[in-house]
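Below is one structure, written out as structure tokens; the observations come after it.
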Amino acid sequence: YEEKALAYFHQGFNCAQSVLAPFAEPLGLSEEQALRLAAGFGAGIGRMRLTCGAFSGLTLVAGHCQGNLSGHPEEKERIFALVRQQAELFTREFDTLSCRELLHLDEHTTEGARPSERTQAYYDARPCERCVAFCARAAAALLQA
């Protein structure tokens with residue numbers, strides 16, 4: 001799954017799409033559905049540089065694995081606990097869940113919605129490949145649990 005996730009990322013898909021799309025079949029989705037479902041989560045949710053898109057993709061897989069099907073607090077707590085556990089592991093590895101902090105962007109930096117061109121310099125300057133690979137491995141582990 002990790003290699004497939006990185007392949008999606010290298011094709012220009014965002015981090016969330018890259019993590020979710022390799023799991024489309026086991027999640028009962030088409031590739032198109034997975035790509036569309038995760039599209040808005042890229043670049044820290046709509047390029048607002050909030051929560052890492054790769055982690056958002058992992059969260060979508062976690063929801064498939066343990067998401068609540070009722071409004072009962074116990075069911076909701078199960079998925080929330082799983083997401084918090086995954087967030088702790090991610091943060092232990094990368095020090096933050098924030099896309100802005102992962103990219104070392106100033107809090108006052110504003111960017112348009114236009115994504116950056118994917119060049120070698122782009123990949124070299126960002127931890128995104130590592131984040132995508134980490135989240136794809138974590139998602140695979142959740143599906144195997």
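We name chains A, B, ... following the order of the structure tokens; residues begin at 1 in each chain, and ligands are numbered from 1 as shown.
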For A:Glu107, work out the shell of residues within 12 Å, counting only C-alpha atoms and skipping chain neighbours fewer than 5 positions away, then give it as a count of residues only.
8
List as an MDAnalysis selection string the protein and nucleic acid residues near A:Ala87, meaning an atom at most 9 Å away when only C-alpha atoms are counted, but skip any in the same chain fewer than 5 places from it.
chainID A and resid 55 82 92 96:97
With only C-alpha atoms as the atoms that count, which of A:Ala24, A:Ala81, A:Ala54, A:Ala16 lies nearest to A:Pro127?
A:Ala54
Counting only C-alpha atoms, the residue among A:Ala39, A:Asn14, A:Thr119, A:Leu20 that lies closest to A:Glu2 is A:Leu20
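The nearest approach to A:Tyr8 among the residues A:Val132, A:Cys65, A:Gly40, A:Arg137, with only C-alpha atoms taken into account, belongs to A:Val132.
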For each of A:Phe80, A:Glu31, A:Ser116, A:Tyr1, take the minimum atom-to-atom distance to A:Ala141, counting only C-alpha atoms, then give the residue where this is smallest.
A:Tyr1
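When only C-alpha atoms are used to compute distances to A:Gly46, the closest of the residues A:Gly63, A:Pro115, A:Pro73, A:Gly12 turns out to be A:Pro115.
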What's around A:Gln144 at 12 Å? Count only C-alpha atoms, leave out sequence neighbours fewer than 5 positions away in its own chain, and write the answer as an NGL selection string.
:A and (23 or 26 or 61-62 or 65 or 137-139)
Convert the current residue selection to file output with N, CA and C atoms, as a compact mmCIF listing (two decimals), in the first residue's frame.
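Final output, again25.txt:
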# COMPACT_ATOMS: atom_id res chain seq x y z
N PHE A 23 -6.53 2.10 -0.85
CA PHE A 23 -7.43 1.27 -0.05
C PHE A 23 -8.85 1.24 -0.60
N PRO A 26 -10.52 -2.48 -0.75
CA PRO A 26 -10.91 -3.06 0.54
C PRO A 26 -11.97 -2.24 1.29
N VAL A 61 -9.77 6.07 6.67
CA VAL A 61 -9.65 4.61 6.77
C VAL A 61 -10.04 4.16 8.18
N ALA A 62 -9.62 4.89 9.19
CA ALA A 62 -9.98 4.55 10.57
C ALA A 62 -11.49 4.57 10.75
N CYS A 65 -12.93 1.44 9.57
CA CYS A 65 -12.63 0.32 10.47
C CYS A 65 -13.46 0.33 11.75
N ARG A 137 1.09 3.06 5.75
CA ARG A 137 1.45 1.90 6.58
C ARG A 137 0.48 1.76 7.77
N ALA A 138 0.16 2.88 8.39
CA ALA A 138 -0.76 2.85 9.53
C ALA A 138 -2.16 2.39 9.10
N ALA A 139 -2.61 2.88 7.94
CA ALA A 139 -3.93 2.47 7.43
C ALA A 139 -3.96 0.98 7.13
